[in-house]
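S.K.: Enclosed is the structure file protein-v9.pdb (PDB, C-alpha atoms).
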ATOM      1  CA  MET F  29       7.483 -24.192   6.630
ATOM      2  CA  ASP F  30       5.358 -22.229   4.168
ATOM      3  CA  SER F  31       6.400 -21.997   0.535
ATOM      4  CA  SER F  32       6.122 -18.223   0.244
ATOM      5  CA  PRO F  33       9.082 -16.729  -1.618
ATOM      6  CA  HIS F  34       9.262 -13.843   0.813
ATOM      7  CA  GLY F  35       6.498 -12.756   3.181
ATOM      8  CA  ALA F  36       5.736 -14.775   6.299
ATOM      9  CA  ALA F  37       2.281 -16.098   7.152
ATOM     10  CA  VAL F  38       1.231 -15.159  10.703
ATOM     11  CA  THR F  39      -1.271 -17.218  12.680
ATOM     12  CA  ALA F  40      -2.198 -17.195  16.372
ATOM     13  CA  GLU F  41      -4.905 -18.730  18.509
ATOM     14  CA  ASP F  42      -5.806 -17.753  22.083
ATOM     15  CA  PHE F  43      -2.405 -16.054  22.269
ATOM     16  CA  GLY F  44      -1.537 -14.379  25.560
ATOM     17  CA  LEU F  45       1.312 -12.942  27.600
ATOM     18  CA  LYS F  46       1.231 -12.424  31.363
ATOM     19  CA  GLY F  47       3.505 -10.281  33.531
ATOM     20  CA  PRO F  48       3.927 -10.545  37.312
ATOM     21  CA  ARG F  49       0.999  -8.196  37.955
ATOM     22  CA  GLY F  50      -1.395  -9.167  35.216
ATOM     23  CA  TRP F  51      -1.998  -9.935  31.563
ATOM     24  CA  ALA F  52      -0.337  -7.780  28.940
ATOM     25  CA  PHE F  53      -2.753  -9.252  26.374
ATOM     26  CA  ARG F  54      -4.852 -12.385  26.203
ATOM     27  CA  GLY F  55      -7.062 -14.356  23.843
ATOM     28  CA  VAL F  56      -5.642 -12.895  20.623
ATOM     29  CA  SER F  57      -6.304 -14.813  17.409
ATOM     30  CA  VAL F  58      -5.130 -13.871  13.923
ATOM     31  CA  ALA F  59      -4.680 -15.497  10.534
ATOM     32  CA  ALA F  60      -2.729 -13.537   7.915
ATOM     33  CA  ARG F  61      -1.202 -14.806   4.718
ATOM     34  CA  PRO F  62       2.231 -13.693   3.420
ATOM     35  CA  GLY F  63       2.234 -10.084   2.275
ATOM     36  CA  ALA F  64      -0.748  -9.081   4.412
ATOM     37  CA  LEU F  65      -1.114  -5.681   6.071
ATOM     38  CA  VAL F  66      -2.112  -6.347   9.682
ATOM     39  CA  ALA F  67      -3.260  -3.489  11.928
ATOM     40  CA  VAL F  68      -2.930  -4.106  15.674
ATOM     41  CA  GLU F  69      -5.574  -1.934  17.257
ATOM     42  CA  GLY F  70      -6.546  -1.342  20.875
ATOM     43  CA  PRO F  71      -6.581   1.198  23.683
ATOM     44  CA  SER F  72      -3.314   2.444  25.167
ATOM     45  CA  GLY F  73      -2.027   0.012  27.769
ATOM     46  CA  SER F  74      -3.851  -2.961  26.245
ATOM     47  CA  GLY F  75      -0.655  -4.792  25.290
ATOM     48  CA  ARG F  76      -0.378  -3.805  21.624
ATOM     49  CA  THR F  77       3.405  -3.384  21.758
ATOM     50  CA  CYS F  78       3.811  -6.632  23.716
ATOM     51  CA  LEU F  79       1.811  -8.473  21.045
ATOM     52  CA  LEU F  80       4.030  -6.954  18.357
ATOM     53  CA  LEU F  81       7.173  -8.091  20.174
ATOM     54  CA  ALA F  82       5.745 -11.549  20.909
ATOM     55  CA  LEU F  83       4.856 -12.166  17.259
ATOM     56  CA  THR F  84       8.377 -11.157  16.171
ATOM     57  CA  GLY F  85      10.069 -13.470  18.688
ATOM     58  CA  ARG F  86      11.204 -10.706  21.051
ATOM     59  CA  MET F  87       8.938 -11.627  23.973
ATOM     60  CA  ARG F  88       7.942 -15.054  25.268
ATOM     61  CA  PRO F  89       4.186 -15.743  25.274
ATOM     62  CA  THR F  90       2.447 -17.343  28.242
ATOM     63  CA  GLU F  91      -0.478 -19.200  26.669
ATOM     64  CA  GLY F  92      -1.915 -20.208  23.341
ATOM     65  CA  HIS F  93       0.220 -20.639  20.265
ATOM     66  CA  ALA F  94       1.367 -18.770  17.177
ATOM     67  CA  GLU F  95       3.306 -19.460  14.003
ATOM     68  CA  VAL F  96       5.292 -17.023  11.898
ATOM     69  CA  GLY F  97       6.425 -18.315   8.535
ATOM     70  CA  GLY F  98       5.681 -21.838   9.765
ATOM     71  CA  LEU F  99       7.909 -21.394  12.836
ATOM     72  CA  ARG F 100       6.075 -22.120  16.069
ATOM     73  CA  LEU F 101       6.318 -19.728  18.997
ATOM     74  CA  PRO F 102       7.791 -19.750  21.583
ATOM     75  CA  LYS F 103       9.912 -22.766  20.552
ATOM     76  CA  LYS F 104      11.422 -21.035  17.509
ATOM     77  CA  MET F 105      11.811 -17.484  18.847
ATOM     78  CA  ALA F 106      15.384 -17.073  17.604
ATOM     79  CA  ALA F 107      14.443 -18.211  14.098
ATOM     80  CA  VAL F 108      11.453 -15.834  14.032
ATOM     81  CA  ARG F 109      13.733 -12.955  15.038
ATOM     82  CA  ARG F 110      15.970 -13.730  12.088
ATOM     83  CA  LEU F 111      13.143 -13.467   9.552
ATOM     84  CA  SER F 112      11.511 -10.383  11.108
ATOM     85  CA  ALA F 113      12.592  -6.782  11.606
ATOM     86  CA  LEU F 114      11.438  -3.964  13.861
ATOM     87  CA  GLY F 115      10.649  -0.480  12.710
ATOM     88  CA  PRO F 116      10.354   2.118  15.489
ATOM     89  CA  VAL F 117       9.423   0.616  18.880
ATOM     90  CA  THR F 118       9.714   2.952  21.863
ATOM     91  CA  GLY F 119      12.241   1.731  24.404
ATOM     92  CA  VAL F 120      13.345  -1.129  22.165
ATOM     93  CA  ASN F 121      14.390   0.043  18.706
ATOM     94  CA  GLU F 122      14.441   3.819  18.586
ATOM     95  CA  LEU F 123      16.517   6.053  16.351
ATOM     96  CA  ASP F 124      19.433   7.820  18.042
ATOM     97  CA  PRO F 125      18.646  11.559  17.879
ATOM     98  CA  ALA F 126      22.356  12.419  18.097
ATOM     99  CA  LEU F 127      23.209  10.589  14.868
ATOM    100  CA  THR F 128      22.668  11.799  11.334
ATOM    101  CA  VAL F 129      20.646   9.958   8.729
ATOM    102  CA  ALA F 130      23.862   8.960   6.940
ATOM    103  CA  GLU F 131      25.371   7.570  10.149
ATOM    104  CA  HIS F 132      22.293   5.451  10.813
ATOM    105  CA  LEU F 133      22.368   4.090   7.270
ATOM    106  CA  ARG F 134      26.087   3.380   7.319
ATOM    107  CA  GLU F 135      25.861   1.642  10.699
ATOM    108  CA  ARG F 136      22.982  -0.574   9.558
ATOM    109  CA  ALA F 137      24.740  -1.468   6.300
ATOM    110  CA  LEU F 138      27.859  -2.560   8.198
ATOM    111  CA  LEU F 139      25.797  -4.594  10.659
ATOM    112  CA  GLN F 140      23.810  -6.239   7.895
ATOM    113  CA  ARG F 141      26.958  -7.180   6.005
ATOM    114  CA  ARG F 142      28.285  -8.914   9.100
ATOM    115  CA  LEU F 143      25.008 -10.757   9.706
ATOM    116  CA  ASP F 144      24.377 -11.804   6.122
ATOM    117  CA  GLY F 145      27.757 -11.960   4.438
ATOM    118  CA  SER F 146      29.833 -15.080   3.897
ATOM    119  CA  LEU F 147      33.557 -15.037   4.587
ATOM    120  CA  ARG F 148      34.189 -14.691   0.859
ATOM    121  CA  ALA F 149      31.876 -11.663   0.714
ATOM    122  CA  LEU F 150      33.663 -10.045   3.657
ATOM    123  CA  LEU F 151      36.999 -10.446   1.844
ATOM    124  CA  ARG F 152      35.844  -8.686  -1.326
ATOM    125  CA  PRO F 153      37.642  -5.468  -2.313
ATOM    126  CA  ARG F 154      36.553  -2.406  -0.369
ATOM    127  CA  ALA F 155      35.170  -0.708  -3.488
ATOM    128  CA  VAL F 156      32.946  -3.706  -4.228
ATOM    129  CA  ARG F 157      31.672  -3.842  -0.637
ATOM    130  CA  ALA F 158      30.982  -0.097  -0.688
ATOM    131  CA  ALA F 159      29.019  -0.391  -3.941
ATOM    132  CA  GLU F 160      26.955  -3.263  -2.548
ATOM    133  CA  ALA F 161      26.206  -1.278   0.628
ATOM    134  CA  ARG F 162      25.194   1.751  -1.444
ATOM    135  CA  ALA F 163      22.847  -0.373  -3.538
ATOM    136  CA  ARG F 164      21.298  -1.912  -0.416
ATOM    137  CA  ILE F 165      20.747   1.537   1.093
ATOM    138  CA  ASP F 166      19.266   2.990  -2.109
ATOM    139  CA  THR F 167      16.856   0.060  -2.475
ATOM    140  CA  ALA F 168      15.676   0.363   1.130
ATOM    141  CA  LEU F 169      15.235   4.140   0.970
ATOM    142  CA  ASP F 170      13.297   3.842  -2.264
ATOM    143  CA  ALA F 171      10.973   1.260  -0.674
ATOM    144  CA  ALA F 172      10.496   3.538   2.342
ATOM    145  CA  GLY F 173       9.841   6.582   0.170
ATOM    146  CA  LEU F 174      12.586   8.663   1.815
ATOM    147  CA  ASP F 175      14.307  11.128  -0.532
ATOM    148  CA  LEU F 176      17.482  12.372   1.151
ATOM    149  CA  GLU F 177      17.564  15.422  -1.100
ATOM    150  CA  THR F 178      14.373  16.737   0.510
ATOM    151  CA  LEU F 179      15.868  16.750   4.023
ATOM    152  CA  PRO F 180      17.187  20.041   5.483
ATOM    153  CA  LYS F 181      20.837  18.959   5.261
ATOM    154  CA  GLY F 182      20.468  15.926   3.070
ATOM    155  CA  ALA F 183      22.032  12.780   4.482
ATOM    156  CA  ARG F 184      23.820  14.925   7.097
ATOM    157  CA  THR F 185      20.498  15.842   8.731
ATOM    158  CA  SER F 186      20.369  14.863  12.401
ATOM    159  CA  VAL F 187      17.575  12.532  13.424
ATOM    160  CA  ARG F 188      16.410  15.116  15.974
ATOM    161  CA  ASP F 189      15.667  17.464  13.057
ATOM    162  CA  LEU F 190      13.469  15.014  11.166
ATOM    163  CA  GLU F 191       9.710  15.382  10.991
ATOM    164  CA  ARG F 192       7.750  12.507  12.509
ATOM    165  CA  LEU F 193       6.840  11.016   9.121
ATOM    166  CA  GLU F 194      10.439  11.326   7.904
ATOM    167  CA  GLY F 195      11.629   9.487  11.016
ATOM    168  CA  LEU F 196       9.093   6.737  10.370
ATOM    169  CA  ARG F 197      10.303   6.377   6.780
ATOM    170  CA  LEU F 198      13.921   6.199   7.949
ATOM    171  CA  SER F 199      13.112   3.510  10.534
ATOM    172  CA  VAL F 200      11.238   1.462   7.970
ATOM    173  CA  GLY F 201      14.086   1.868   5.484
ATOM    174  CA  LEU F 202      16.624   0.667   8.045
ATOM    175  CA  ALA F 203      14.469  -2.370   8.814
ATOM    176  CA  LEU F 204      14.051  -3.214   5.130
ATOM    177  CA  MET F 205      17.815  -3.304   4.610
ATOM    178  CA  GLY F 206      17.753  -6.801   6.064
ATOM    179  CA  SER F 207      15.082  -7.965   3.547
ATOM    180  CA  PRO F 208      12.795  -9.229   6.341
ATOM    181  CA  ARG F 209       9.788 -11.441   5.683
ATOM    182  CA  LEU F 210       7.914  -9.686   8.494
ATOM    183  CA  LEU F 211       8.085  -5.984   9.354
ATOM    184  CA  ALA F 212       6.704  -4.721  12.691
ATOM    185  CA  VAL F 213       6.005  -1.029  13.338
ATOM    186  CA  ASP F 214       4.808   0.370  16.669
ATOM    187  CA  ASP F 215       2.584   3.468  17.066
ATOM    188  CA  MET F 216       2.743   4.107  13.335
ATOM    189  CA  ASP F 217       0.141   6.888  13.392
ATOM    190  CA  LEU F 218       1.284   8.612  16.581
ATOM    191  CA  LYS F 219       1.510  12.421  16.282
ATOM    192  CA  LEU F 220       0.646  12.418  12.594
ATOM    193  CA  SER F 221      -1.857  14.693  10.884
ATOM    194  CA  ASP F 222      -4.629  13.099   8.839
ATOM    195  CA  ALA F 223      -2.669  13.688   5.638
ATOM    196  CA  GLU F 224       0.534  12.272   7.129
ATOM    197  CA  ARG F 225      -1.364   9.272   8.492
ATOM    198  CA  ALA F 226      -2.665   8.546   5.005
ATOM    199  CA  GLU F 227       0.907   8.725   3.659
ATOM    200  CA  ALA F 228       2.148   6.397   6.406
ATOM    201  CA  TRP F 229      -0.498   3.788   5.628
ATOM    202  CA  GLU F 230       0.274   4.019   1.930
ATOM    203  CA  LEU F 231       3.934   3.403   2.769
ATOM    204  CA  LEU F 232       3.047   0.230   4.674
ATOM    205  CA  ARG F 233       0.674  -0.889   1.907
ATOM    206  CA  SER F 234       3.530  -0.479  -0.559
ATOM    207  CA  VAL F 235       5.807  -2.638   1.601
ATOM    208  CA  ALA F 236       3.081  -5.285   1.841
ATOM    209  CA  ARG F 237       2.493  -5.188  -1.918
ATOM    210  CA  GLY F 238       6.193  -5.889  -2.302
ATOM    211  CA  GLY F 239       5.622  -9.200  -0.503
ATOM    212  CA  THR F 240       6.656  -8.382   3.081
ATOM    213  CA  THR F 241       4.063  -9.081   5.759
ATOM    214  CA  VAL F 242       3.482  -5.944   7.858
ATOM    215  CA  LEU F 243       2.300  -5.680  11.483
ATOM    216  CA  ALA F 244       1.474  -2.122  12.517
ATOM    217  CA  VAL F 245       0.252  -0.891  15.902
ATOM    218  CA  CYS F 246      -2.188   1.967  15.430
ATOM    219  CA  SER F 247      -4.983   3.909  17.066
ATOM    220  CA  GLU F 248      -7.404   3.273  14.197
ATOM    221  CA  ALA F 249      -7.092   0.606  11.527
ATOM    222  CA  PRO F 250      -7.844   1.383   7.868
ATOM    223  CA  GLU F 251     -10.666  -0.552   6.240
ATOM    224  CA  ASP F 252      -8.402  -2.523   3.918
ATOM    225  CA  ALA F 253      -6.175  -3.922   6.684
ATOM    226  CA  LEU F 254      -6.570  -7.193   8.552
ATOM    227  CA  ARG F 255      -7.601  -5.921  11.974
ATOM    228  CA  VAL F 256      -6.353  -7.431  15.233
ATOM    229  CA  THR F 257      -7.479  -5.953  18.521
ATOM    230  CA  THR F 258      -6.011  -6.348  22.003
ATOM    231  CA  ALA F 259      -9.203  -5.047  23.630
ATOM    232  CA  ALA F 260     -10.223  -7.615  26.240
ATOM    233  CA  GLU F 261     -13.734  -8.068  24.866
ATOM    234  CA  GLU F 262     -12.610  -8.606  21.237
ATOM    235  CA  ALA F 263      -9.063  -9.942  20.970
ATOM    236  CA  THR F 264      -9.327 -11.337  17.455
ATOM    237  CA  GLY F 265      -8.146 -10.640  13.945
ATOM    238  CA  THR F 266     -10.833  -9.766  11.424
ATOM    239  CA  GLY F 267     -10.178  -8.741   7.864
ATOM    240  CA  PRO F 268     -11.947  -6.573   5.329
ATOM    241  CA  GLU F 269     -14.423  -8.094   2.914
ATOM    242  CA  GLN F 270     -12.840 -10.813   0.734
ATOM    243  CA  ALA F 271      -9.834 -10.972   3.084
ATOM    244  CA  PRO F 272      -7.250 -13.560   2.000
ATOM    245  CA  GLU F 273      -7.318 -17.002   3.599
ATOM    246  CA  PRO F 274      -4.427 -17.872   5.947
ATOM    247  CA  GLU F 275      -1.529 -20.039   4.862
ATOM    248  CA  PRO F 276       0.191 -22.384   7.312
ATOM    249  CA  GLU F 277       7.092 -20.885   9.796
ATOM    250  CA  PRO F 278      17.592  -7.737  14.449
ATOM    251  CA  GLU F 279      19.654 -10.392  15.725
ATOM    252  CA  PRO F 280      20.345 -14.058  16.441
ATOM    253  CA  GLY F 281      19.874 -15.049  20.068
ATOM    254  CA  ASP F 282      17.980 -17.300  22.441
ATOM    255  CA  GLY F 283      15.458 -14.768  23.706
ATOM    256  CA  THR F 284      16.899 -14.576  27.222
ATOM    257  CA  GLU F 285      18.493 -11.144  27.130
ATOM    258  CA  ALA F 286      17.251  -8.553  29.596
ATOM    259  CA  ALA F 287      14.464  -6.325  28.307
ATOM    260  CA  PRO F 288      14.429  -2.554  28.732
ATOM    261  CA  GLU F 289      12.891  -1.141  31.860
ATOM    262  CA  ALA F 290       9.389   0.168  31.377
ATOM    263  CA  GLY F 291       8.845   3.838  32.081
ATOM    264  CA  PRO F 292       6.570   5.084  34.848
ATOM    265  CA  GLY F 293       2.874   5.399  34.166
ATOM    266  CA  THR F 294       1.603   8.774  33.072
ATOM    267  CA  GLY F 295      -2.133   8.145  33.146
ATOM    268  CA  THR F 296      -4.583   8.235  36.043
ATOM    269  CA  GLU F 297      -3.640   7.408  39.631
ATOM    270  CA  THR F 298      -5.075   3.886  39.423
ATOM    271  CA  ARG F 299      -3.790   1.537  36.728
ATOM    272  CA  THR F 300      -5.500  -1.574  35.437
ATOM    273  CA  ASP F 301      -3.993  -5.043  35.706
ATOM    274  CA  THR F 302      -3.640  -5.071  31.918
ATOM    275  CA  GLU F 303      -1.603  -1.843  31.876
ATOM    276  CA  GLU F 304       0.623  -3.019  34.731
ATOM    277  CA  GLY F 305       0.973  -6.426  33.117
ATOM    278  CA  ALA F 306       2.088  -4.854  29.843
ATOM    279  CA  ASP F 307       4.711  -2.725  31.619
ATOM    280  CA  ASP F 308       5.982  -5.717  33.577
ATOM    281  CA  ALA F 309       6.070  -7.916  30.501
ATOM    282  CA  ILE F 310       8.217  -5.411  28.606
ATOM    283  CA  ALA F 311      10.488  -5.007  31.622
ATOM    284  CA  GLU F 312      10.945  -8.654  32.509
ATOM    285  CA  THR F 313      10.297 -10.827  29.455
ATOM    286  CA  GLY F 314      13.374 -11.777  27.422
ATOM    287  CA  ARG F 315      13.706 -10.165  24.003
ATOM    288  CA  ALA F 316      16.277  -9.941  21.232
TER
END
Kindly transcribe the structure held in the file into structure tokens.
M.R.:
Amino acid sequence: MDSSPHGAAVTAEDFGLKGPRGWAFRGVSVAARPGALVAVEGPSGSGRTCLLLALTGRMRPTEGHAEVGGLRLPKKMAAVRRLSALGPVTGVNELDPALTVAEHLRERALLQRRLDGSLRALLRPRAVRAAEARARIDTALDAAGLDLETLPKGARTSVRDLERLEGLRLSVGLALMGSPRLLAVDDMDLKLSDAERAEAWELLRSVARGGTTVLAVCSEAPEDALRVTTAAEEATGTGPEQAPEPEPEPEPGDGTEAAPEAGPGTGTETRTDTEEGADDAIAETGRA
């Protein structure tokens, strides 16, 4: 395993995942050191989300190999899930629009205490546990740049009333409550204005500067990010000038749980094998 104190190195070579009707993605290579900002770029339907889920141990790859924090995939999928966390991923890890911000935070704090706490910690006085949960929440919100006082109803604001960027910050904050070594965010720049997109990238840069490796699916990668593309003709990771050299490693499980059903296609009448393969892979490949 790598000796990084926090972030996880991510490497892959000729990495691919195939569904019953075709390849979700194929031939992807990447080498990112701990604390890197990695932008997963490619056309819609090219398997970007599947790659994100495969590199976080939520989907089982078909060919090639990858390592996350020194843990080899697919052999160590459960261990990779424990060191990684998902931000917003449509159909997999979405915010509940019926809940308030406070309810989401309280639910995640309770879950995290159960996952991380020892028996002695669980038996601490209620006031001590509440103070620890509050500190965990405050730290995560600060890292995500979400100020509850700026929301329409503060912490009582419903998720359905959040702006897109506010929802992204909340999702990232929830993920960071588990102190992951790898954070994965899907469609990070979807429905954002140019100014909001710049803020979103600065948020992810801040998380990476804090030591957490970040994988972000996007429509267009910034120049300072390590770029990985799922486009068939160029499925490789290439970094900016003077990119760092690679270093050779939310829930426990064995990766066999049923995945969510993929939604119907909304594009043209004919769909490519890659698009169908990505849908099938999400629908039928085991994930956490």
S.K.: Taking (0.7, 5.7, 3.6) in the file's coordinates, which residues come within 12 Å, counting only C-alpha atoms, written as a VMD selection string?
M.R.: chain F and resid 65 171 to 173 193 196 to 197 216 to 217 220 to 236 244 250
S.K.: Could you name the residues that touch F:His34 at 10 Å or less, counting only C-alpha atoms, but leaving out those on the same chain fewer than 6 positions away, as a ChimeraX atom specification?
M.R.: /F:62-63,97,111,207-210,238-241
S.K.: Take the selection from the previous step and output its residues with C-alpha atoms, as a tab-separated table (two decimals), in the frame of the given file.
M.R.:
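Printed below is result12.tsv as written:
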chain	number	residue	atom	x	y	z
F	62	PRO	CA	2.23	-13.69	3.42
F	63	GLY	CA	2.23	-10.08	2.28
F	97	GLY	CA	6.42	-18.32	8.54
F	111	LEU	CA	13.14	-13.47	9.55
F	207	SER	CA	15.08	-7.96	3.55
F	208	PRO	CA	12.80	-9.23	6.34
F	209	ARG	CA	9.79	-11.44	5.68
F	210	LEU	CA	7.91	-9.69	8.49
F	238	GLY	CA	6.19	-5.89	-2.30
F	239	GLY	CA	5.62	-9.20	-0.50
F	240	THR	CA	6.66	-8.38	3.08
F	241	THR	CA	4.06	-9.08	5.76
S.K.: Would you mind reading off the distance between atom CA of F:Leu179 and atom CA of F:Thr128, one decimal, in Å?
M.R.: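 Value for the atom CA of F:Leu179-atom CA of F:Thr128 distance: 11.1 Å.
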S.K.: Please write the residues picked by the PyMOL selection byres ((chain F and resi 213) around 9) on this file as a PyMOL selection string.
M.R.: chain F and resi 80+113-117+196+199-200+211-212+214-216+242-246
S.K.: Would you put the residues from that selection into a file with C-alpha atoms, as an mmCIF file, in the coordinates of the input?
M.R.:
data_model
loop_
_atom_site.group_PDB
_atom_site.id
_atom_site.type_symbol
_atom_site.label_atom_id
_atom_site.label_comp_id
_atom_site.auth_asym_id
_atom_site.auth_seq_id
_atom_site.Cartn_x
_atom_site.Cartn_y
_atom_site.Cartn_z
ATOM 1 C CA LEU F 80 4.030 -6.954 18.357
ATOM 2 C CA ALA F 113 12.592 -6.782 11.606
ATOM 3 C CA LEU F 114 11.438 -3.964 13.861
ATOM 4 C CA GLY F 115 10.649 -0.480 12.710
ATOM 5 C CA PRO F 116 10.354 2.118 15.489
ATOM 6 C CA VAL F 117 9.423 0.616 18.880
ATOM 7 C CA LEU F 196 9.093 6.737 10.370
ATOM 8 C CA SER F 199 13.112 3.510 10.534
ATOM 9 C CA VAL F 200 11.238 1.462 7.970
ATOM 10 C CA LEU F 211 8.085 -5.984 9.354
ATOM 11 C CA ALA F 212 6.704 -4.721 12.691
ATOM 12 C CA ASP F 214 4.808 0.370 16.669
ATOM 13 C CA ASP F 215 2.584 3.468 17.066
ATOM 14 C CA MET F 216 2.743 4.107 13.335
ATOM 15 C CA VAL F 242 3.482 -5.944 7.858
ATOM 16 C CA LEU F 243 2.300 -5.680 11.483
ATOM 17 C CA ALA F 244 1.474 -2.122 12.517
ATOM 18 C CA VAL F 245 0.252 -0.891 15.902
ATOM 19 C CA CYS F 246 -2.188 1.967 15.430
#
S.K.: When the PyMOL selection byres ((chain F and resi 127) around 9) is applied to the file above, which residues end up in the set, as a ChimeraX atom specification?
M.R.: /F:123-126,128-132,184-188
S.K.: Keeping only C-alpha atoms, write the selected residues to a file as a compact mmCIF listing (two decimals), keeping the file's coordinate frame.
M.R.:
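Result file out.txt:
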# COMPACT_ATOMS: atom_id res chain seq x y z
CA LEU F 123 16.52 6.05 16.35
CA ASP F 124 19.43 7.82 18.04
CA PRO F 125 18.65 11.56 17.88
CA ALA F 126 22.36 12.42 18.10
CA THR F 128 22.67 11.80 11.33
CA VAL F 129 20.65 9.96 8.73
CA ALA F 130 23.86 8.96 6.94
CA GLU F 131 25.37 7.57 10.15
CA HIS F 132 22.29 5.45 10.81
CA ARG F 184 23.82 14.92 7.10
CA THR F 185 20.50 15.84 8.73
CA SER F 186 20.37 14.86 12.40
CA VAL F 187 17.58 12.53 13.42
CA ARG F 188 16.41 15.12 15.97
S.K.: Would you be able to write out as a ChimeraX atom specification which residues have an atom within 10 Å of (5.6, -19.5, 16.5) in the file's coordinates, counting only C-alpha atoms?
M.R.: /F:38-40,82-85,89,93-105,107-108,277
S.K.: Name the closest residue to F:Glu41 among the candidates F:Leu176, F:Ala203, F:Val256, F:Ala163; distances are taken between atoms, counting only C-alpha atoms.
M.R.: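 Of F:Leu176, F:Ala203, F:Val256, F:Ala163, the one nearest F:Glu41 is F:Val256, counting only C-alpha atoms.
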S.K.: Can you work out the spacing between atom CA of F:Gly201 and atom CA of F:Ala168 in Å, to one decimal?
M.R.: 4.9 Å
S.K.: Please put the answer as lines of an AutoDock Vina configuration file: centre and edge lengths, in Å with one decimal, of a box along x, y and z that encloses all listed atoms of stretch 160-179 of chain F plus 8 Å on each side.
M.R.:
center_x = 18.4
center_y = 6.7
center_z = 0.2
size_x = 33.1
size_y = 36.0
size_z = 23.6
S.K.: Taking all atoms listed in the file into account, which of F:Arg109, F:Arg76, F:Lys46, F:Arg255 comes nearest F:Thr90?
M.R.: F:Lys46
S.K.: Between atom CA of F:Ala59 and atom CA of F:Ala37, what is the distance in Å, rounded to a tenth?
M.R.: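 Result for atom CA of F:Ala59 versus atom CA of F:Ala37: 7.8 Å, one decimal.
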S.K.: Which residues match the PyMOL selection byres ((chain F and resi 56) around 8) in the file above, as a VMD selection string?
M.R.: chain F and resid 40 to 44 53 to 55 57 to 58 256 to 258 263 to 265
S.K.: Can you list every residue of stretch 144-226 of chain F that has an atom at most 8 Å from stretch 134-138 of chain F, with its nearest atom pair and the distance in Å to one decimal, using all atoms listed in the file, ordered by chain then number, as a tab-separated table?
M.R.:
residue	atom	partner	partner_atom	distance
F:Ala161	CA	F:Ala137	CA	5.9
F:Arg164	CA	F:Ala137	CA	7.6
F:Ile165	CA	F:Ala137	CA	7.2
F:Leu202	CA	F:Arg136	CA	6.7
F:Met205	CA	F:Ala137	CA	7.4
S.K.: Store the residues picked out above in a file with C-alpha atoms, as a PDB file, in the coordinates of the input.
M.R.:
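Produced file again.pdb, reproduced below:
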ATOM      1  CA  ALA F 161      26.206  -1.278   0.628  1.00  0.00           C
ATOM      2  CA  ARG F 164      21.298  -1.912  -0.416  1.00  0.00           C
ATOM      3  CA  ILE F 165      20.747   1.537   1.093  1.00  0.00           C
ATOM      4  CA  LEU F 202      16.624   0.667   8.045  1.00  0.00           C
ATOM      5  CA  MET F 205      17.815  -3.304   4.610  1.00  0.00           C
TER       6      MET F 205
END
S.K.: Using all atoms listed in the file, which residue out of F:Leu133, F:Thr178, F:Gly50, F:Leu79 lies closest to F:Arg162?
M.R.: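 For F:Arg162, the nearest of the given residues is F:Leu133.
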